[in-house]
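Peer 1: Before we start, here is the structure in question, set down as structure tokens.
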Amino acid sequence: MGVRVVVVDEHRLLAEALASALKLRGHRVLAAAAPAAGAAEVVISRAPEVCLLGTATPAEPGVFEPVVRIKRERPQIAVVVLGPVPSPRGIAAAFAAGASGYVRHDERIEGVERALAKARAGEVAISPQLLQGAFAELLNPAAQPDDEGSRLLRLLTPREVEVLVRVAEGEDTRLIAAGMAIAPSTARTHVQRVLMKLGVGSRLEAAALAARTGLLDRAGLLPPSGSAGA
């Protein structure tokens, strides 16, 4: 027996293609839409058994607000999310909003059908492989670099990083110029650029910020700046 379903996706062509495929397999598609807003209104007004909701950004804040509204106003409607392989946070957000299932957007049509049938029956519709991948990422998260330190490091040229290291070591303009074989006026310009890019007002603040964010540790991994222009 076919499922009464509404297909909502951010891309109309995808929504219509999926709707056509489901119709050919005996399902009753009540609507296929790609609204920039108002997804919940479309689903609520059509009152399907299942809503297939496509999204390209499952981890983005607020993306599952339509699911929250659908479940609040029509709790009998099951929602299955169709999206990319998400982070565990994306899967968690979908189910926390009230979704009954999550299907990869590259799943075969048979897999989509199974998810629709399970959701209509009140079951959780998610493949064991997707769950295993999510749990594996939760148990073995990828190391994330210090965001602020990485951002600051990207702001500076290799020569400016060398200047910052020398500032942190307490060198004045004369010593910086001598150590880098550049004119004192050039050294002074480099220091001012470093302060401006880091958003600080003094050398002491620059040194403290670099130490706090781990920027100085990362500086040791950079190639020598001898080839950079003064």
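Just so we're on the same page: first chain in the structure tokens is A, next is B, and so on; residues restart at 1 for each chain, and ligands are numbered from 1 in the order they show up.
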Skip Ile126 in chain A itself and residues of its chain fewer than 3 positions away, then list as an MDAnalysis selection string all residues within 10 Å of it, counting only C-alpha atoms.

Peer 2: chainID A and resid 80:81 91 100:104 111 114:115 118:119 123 129:131

Peer 1: Kindly export the residues of the current selection with N, CA and C atoms, as a tab-separated table (two decimals), in the first residue's frame.

Peer 2:
```tsv
chain	number	residue	atom	x	y	z
A	80	VAL	N	10.60	12.49	7.73
A	80	VAL	CA	11.87	11.83	7.42
A	80	VAL	C	12.77	12.86	6.75
A	81	VAL	N	13.93	13.07	7.30
A	81	VAL	CA	14.88	14.04	6.74
A	81	VAL	C	15.74	13.34	5.68
A	91	ILE	N	22.45	14.74	12.93
A	91	ILE	CA	21.48	13.67	13.19
A	91	ILE	C	20.72	13.95	14.48
A	100	SER	N	11.27	11.45	12.48
A	100	SER	CA	11.17	10.00	12.69
A	100	SER	C	12.29	9.24	12.01
A	101	GLY	N	13.00	9.92	11.10
A	101	GLY	CA	14.06	9.21	10.38
A	101	GLY	C	15.02	10.15	9.70
A	102	TYR	N	16.14	9.57	9.25
A	102	TYR	CA	17.16	10.32	8.51
A	102	TYR	C	17.68	9.40	7.42
A	103	VAL	N	17.64	9.89	6.18
A	103	VAL	CA	18.07	9.11	5.02
A	103	VAL	C	19.11	9.91	4.24
A	104	ARG	N	20.18	9.25	3.84
A	104	ARG	CA	21.19	9.93	3.03
A	104	ARG	C	20.60	10.35	1.69
A	111	GLY	N	15.62	2.41	-0.54
A	111	GLY	CA	15.92	2.81	0.83
A	111	GLY	C	15.01	3.92	1.31
A	114	ARG	N	11.67	2.30	2.18
A	114	ARG	CA	11.71	1.62	3.47
A	114	ARG	C	11.59	2.62	4.62
A	115	ALA	N	12.26	3.75	4.47
A	115	ALA	CA	12.19	4.77	5.52
A	115	ALA	C	10.78	5.34	5.66
A	118	LYS	N	8.60	2.69	7.43
A	118	LYS	CA	8.91	2.61	8.86
A	118	LYS	C	8.35	3.82	9.62
A	119	ALA	N	8.54	5.00	9.03
A	119	ALA	CA	8.05	6.21	9.70
A	119	ALA	C	6.54	6.19	9.84
A	123	GLU	N	7.95	3.71	13.51
A	123	GLU	CA	9.28	3.23	13.83
A	123	GLU	C	10.34	4.26	13.49
A	129	GLN	N	24.17	1.63	9.24
A	129	GLN	CA	25.46	2.17	8.82
A	129	GLN	C	25.60	3.64	9.18
A	130	LEU	N	24.50	4.39	9.02
A	130	LEU	CA	24.54	5.81	9.35
A	130	LEU	C	24.72	6.00	10.85
A	131	LEU	N	24.04	5.17	11.64
A	131	LEU	CA	24.21	5.25	13.09
A	131	LEU	C	25.62	4.87	13.51
```

Peer 1: Please identify all polymer residues within 7 Å of range 4-6 of chain A, counting only C-alpha atoms, omitting same-chain residues fewer than 6 positions from it, and present them as a ChimeraX atom specification.

Peer 2: /A:27-32,43,48-52

Peer 1: Tell me which protein, DNA and RNA residues are within 10 Å of Val85 in chain A, counting only C-alpha atoms, leaving out same-chain ones fewer than 2 positions away, and put them as a PDB file with N, CA and C atoms, in the first residue's frame.

Peer 2:
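Output (around.pdb):
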```pdb
ATOM      1  N   ALA A  56      20.275  20.544   2.665  1.00  0.00           N
ATOM      2  CA  ALA A  56      21.706  20.405   2.361  1.00  0.00           C
ATOM      3  C   ALA A  56      22.578  20.750   3.558  1.00  0.00           C
ATOM      4  N   THR A  57      21.960  21.308   4.616  1.00  0.00           N
ATOM      5  CA  THR A  57      22.738  21.790   5.769  1.00  0.00           C
ATOM      6  C   THR A  57      22.127  21.299   7.081  1.00  0.00           C
ATOM      7  N   PRO A  58      22.213  20.003   7.373  1.00  0.00           N
ATOM      8  CA  PRO A  58      21.547  19.462   8.566  1.00  0.00           C
ATOM      9  C   PRO A  58      22.092  19.972   9.883  1.00  0.00           C
ATOM     10  N   LEU A  82      15.907  14.021   4.573  1.00  0.00           N
ATOM     11  CA  LEU A  82      16.745  13.536   3.480  1.00  0.00           C
ATOM     12  C   LEU A  82      17.896  14.535   3.315  1.00  0.00           C
ATOM     13  N   GLY A  83      19.137  14.086   3.588  1.00  0.00           N
ATOM     14  CA  GLY A  83      20.243  15.025   3.536  1.00  0.00           C
ATOM     15  C   GLY A  83      21.581  14.347   3.367  1.00  0.00           C
ATOM     16  N   SER A  87      27.160  15.391  10.447  1.00  0.00           N
ATOM     17  CA  SER A  87      27.874  15.172  11.691  1.00  0.00           C
ATOM     18  C   SER A  87      26.879  14.578  12.689  1.00  0.00           C
ATOM     19  N   PRO A  88      27.365  13.960  13.766  1.00  0.00           N
ATOM     20  CA  PRO A  88      26.430  13.467  14.789  1.00  0.00           C
ATOM     21  C   PRO A  88      25.488  14.564  15.280  1.00  0.00           C
ATOM     22  N   GLY A  90      24.197  16.890  13.471  1.00  0.00           N
ATOM     23  CA  GLY A  90      23.118  17.025  12.516  1.00  0.00           C
ATOM     24  C   GLY A  90      22.038  15.980  12.709  1.00  0.00           C
ATOM     25  N   ILE A  91      22.447  14.741  12.932  1.00  0.00           N
ATOM     26  CA  ILE A  91      21.480  13.670  13.188  1.00  0.00           C
ATOM     27  C   ILE A  91      20.716  13.955  14.484  1.00  0.00           C
ATOM     28  N   TYR A 102      16.138   9.570   9.255  1.00  0.00           N
ATOM     29  CA  TYR A 102      17.157  10.320   8.506  1.00  0.00           C
ATOM     30  C   TYR A 102      17.683   9.405   7.419  1.00  0.00           C
ATOM     31  N   VAL A 103      17.638   9.894   6.177  1.00  0.00           N
ATOM     32  CA  VAL A 103      18.073   9.111   5.022  1.00  0.00           C
ATOM     33  C   VAL A 103      19.109   9.912   4.244  1.00  0.00           C
ATOM     34  N   ARG A 104      20.181   9.250   3.838  1.00  0.00           N
ATOM     35  CA  ARG A 104      21.193   9.928   3.027  1.00  0.00           C
ATOM     36  C   ARG A 104      20.596  10.348   1.688  1.00  0.00           C
ATOM     37  N   HIS A 105      21.012  11.522   1.202  1.00  0.00           N
ATOM     38  CA  HIS A 105      20.444  12.005  -0.060  1.00  0.00           C
ATOM     39  C   HIS A 105      20.922  11.211  -1.273  1.00  0.00           C
ATOM     40  N   ASP A 106      21.932  10.351  -1.107  1.00  0.00           N
ATOM     41  CA  ASP A 106      22.353   9.494  -2.213  1.00  0.00           C
ATOM     42  C   ASP A 106      21.833   8.066  -2.050  1.00  0.00           C
ATOM     43  N   LEU A 130      24.504   4.387   9.016  1.00  0.00           N
ATOM     44  CA  LEU A 130      24.538   5.809   9.352  1.00  0.00           C
ATOM     45  C   LEU A 130      24.723   5.999  10.851  1.00  0.00           C
ATOM     46  N   GLY A 133      28.343   5.170  11.781  1.00  0.00           N
ATOM     47  CA  GLY A 133      29.248   6.256  11.427  1.00  0.00           C
ATOM     48  C   GLY A 133      29.169   7.396  12.408  1.00  0.00           C
ATOM     49  N   ALA A 134      27.948   7.720  12.850  1.00  0.00           N
ATOM     50  CA  ALA A 134      27.774   8.810  13.810  1.00  0.00           C
ATOM     51  C   ALA A 134      28.412   8.471  15.151  1.00  0.00           C
TER      52      ALA A 134
END
```

Peer 1: Just list the residues in range 33-110 of chain A DSSP gives strand (DSSP E) on the backbone, as JSON, numbers by chain.

Peer 2: {"A": [33, 50, 51, 52, 53, 54, 78, 79, 80, 81, 82, 83, 101, 102, 103, 104]}

Peer 1: Hey, can you spit out that residue selection with N, CA, C and O atoms as a PDB file, in the first residue's frame?

Peer 2:
```pdb
ATOM      1  N   ALA A  33       7.446  20.427  -3.289  1.00  0.00           N
ATOM      2  CA  ALA A  33       7.689  21.866  -3.193  1.00  0.00           C
ATOM      3  C   ALA A  33       9.107  22.171  -2.761  1.00  0.00           C
ATOM      4  O   ALA A  33       9.797  21.328  -2.193  1.00  0.00           O
ATOM      5  N   VAL A  50       3.402  11.028   5.763  1.00  0.00           N
ATOM      6  CA  VAL A  50       4.836  11.258   5.958  1.00  0.00           C
ATOM      7  C   VAL A  50       5.271  12.467   5.143  1.00  0.00           C
ATOM      8  O   VAL A  50       4.815  12.657   4.008  1.00  0.00           O
ATOM      9  N   CYS A  51       6.137  13.268   5.726  1.00  0.00           N
ATOM     10  CA  CYS A  51       6.792  14.351   5.003  1.00  0.00           C
ATOM     11  C   CYS A  51       8.246  13.961   4.784  1.00  0.00           C
ATOM     12  O   CYS A  51       8.936  13.581   5.729  1.00  0.00           O
ATOM     13  N   LEU A  52       8.699  14.055   3.542  1.00  0.00           N
ATOM     14  CA  LEU A  52      10.103  13.816   3.220  1.00  0.00           C
ATOM     15  C   LEU A  52      10.742  15.187   3.046  1.00  0.00           C
ATOM     16  O   LEU A  52      10.460  15.897   2.076  1.00  0.00           O
ATOM     17  N   LEU A  53      11.571  15.564   4.016  1.00  0.00           N
ATOM     18  CA  LEU A  53      12.133  16.920   4.061  1.00  0.00           C
ATOM     19  C   LEU A  53      13.605  16.898   3.693  1.00  0.00           C
ATOM     20  O   LEU A  53      14.436  16.357   4.429  1.00  0.00           O
ATOM     21  N   GLY A  54      13.937  17.481   2.552  1.00  0.00           N
ATOM     22  CA  GLY A  54      15.327  17.527   2.117  1.00  0.00           C
ATOM     23  C   GLY A  54      16.041  18.769   2.610  1.00  0.00           C
ATOM     24  O   GLY A  54      15.463  19.854   2.659  1.00  0.00           O
ATOM     25  N   ALA A  78       4.539  11.995  10.259  1.00  0.00           N
ATOM     26  CA  ALA A  78       5.930  11.585  10.469  1.00  0.00           C
ATOM     27  C   ALA A  78       6.820  12.356   9.495  1.00  0.00           C
ATOM     28  O   ALA A  78       6.436  12.588   8.347  1.00  0.00           O
ATOM     29  N   VAL A  79       7.992  12.758   9.978  1.00  0.00           N
ATOM     30  CA  VAL A  79       8.926  13.501   9.133  1.00  0.00           C
ATOM     31  C   VAL A  79      10.210  12.693   8.977  1.00  0.00           C
ATOM     32  O   VAL A  79      10.803  12.263   9.964  1.00  0.00           O
ATOM     33  N   VAL A  80      10.597  12.492   7.729  1.00  0.00           N
ATOM     34  CA  VAL A  80      11.866  11.833   7.424  1.00  0.00           C
ATOM     35  C   VAL A  80      12.770  12.859   6.751  1.00  0.00           C
ATOM     36  O   VAL A  80      12.379  13.464   5.750  1.00  0.00           O
ATOM     37  N   VAL A  81      13.934  13.066   7.296  1.00  0.00           N
ATOM     38  CA  VAL A  81      14.883  14.037   6.742  1.00  0.00           C
ATOM     39  C   VAL A  81      15.736  13.343   5.679  1.00  0.00           C
ATOM     40  O   VAL A  81      16.227  12.231   5.881  1.00  0.00           O
ATOM     41  N   LEU A  82      15.907  14.021   4.573  1.00  0.00           N
ATOM     42  CA  LEU A  82      16.745  13.536   3.480  1.00  0.00           C
ATOM     43  C   LEU A  82      17.896  14.535   3.315  1.00  0.00           C
ATOM     44  O   LEU A  82      17.667  15.695   2.998  1.00  0.00           O
ATOM     45  N   GLY A  83      19.137  14.086   3.588  1.00  0.00           N
ATOM     46  CA  GLY A  83      20.243  15.025   3.536  1.00  0.00           C
ATOM     47  C   GLY A  83      21.581  14.347   3.367  1.00  0.00           C
ATOM     48  O   GLY A  83      21.665  13.126   3.223  1.00  0.00           O
ATOM     49  N   GLY A 101      13.003   9.918  11.097  1.00  0.00           N
ATOM     50  CA  GLY A 101      14.055   9.210  10.384  1.00  0.00           C
ATOM     51  C   GLY A 101      15.024  10.150   9.700  1.00  0.00           C
ATOM     52  O   GLY A 101      14.778  11.348   9.564  1.00  0.00           O
ATOM     53  N   TYR A 102      16.138   9.570   9.255  1.00  0.00           N
ATOM     54  CA  TYR A 102      17.157  10.320   8.506  1.00  0.00           C
ATOM     55  C   TYR A 102      17.683   9.405   7.419  1.00  0.00           C
ATOM     56  O   TYR A 102      18.117   8.282   7.683  1.00  0.00           O
ATOM     57  N   VAL A 103      17.638   9.894   6.177  1.00  0.00           N
ATOM     58  CA  VAL A 103      18.073   9.111   5.022  1.00  0.00           C
ATOM     59  C   VAL A 103      19.109   9.912   4.244  1.00  0.00           C
ATOM     60  O   VAL A 103      18.928  11.125   4.028  1.00  0.00           O
ATOM     61  N   ARG A 104      20.181   9.250   3.838  1.00  0.00           N
ATOM     62  CA  ARG A 104      21.193   9.928   3.027  1.00  0.00           C
ATOM     63  C   ARG A 104      20.596  10.348   1.688  1.00  0.00           C
ATOM     64  O   ARG A 104      19.809   9.616   1.099  1.00  0.00           O
TER      65      ARG A 104
END
```

Peer 1: Need to verify the contact set: Gly2 in chain A, 10 Å, only C-alpha atoms, exclusion of same-chain residues closer than 6 positions in sequence. Can you return it as an MDAnalysis selection string?

Peer 2: chainID A and resid 22:23 25:29 113 116:117
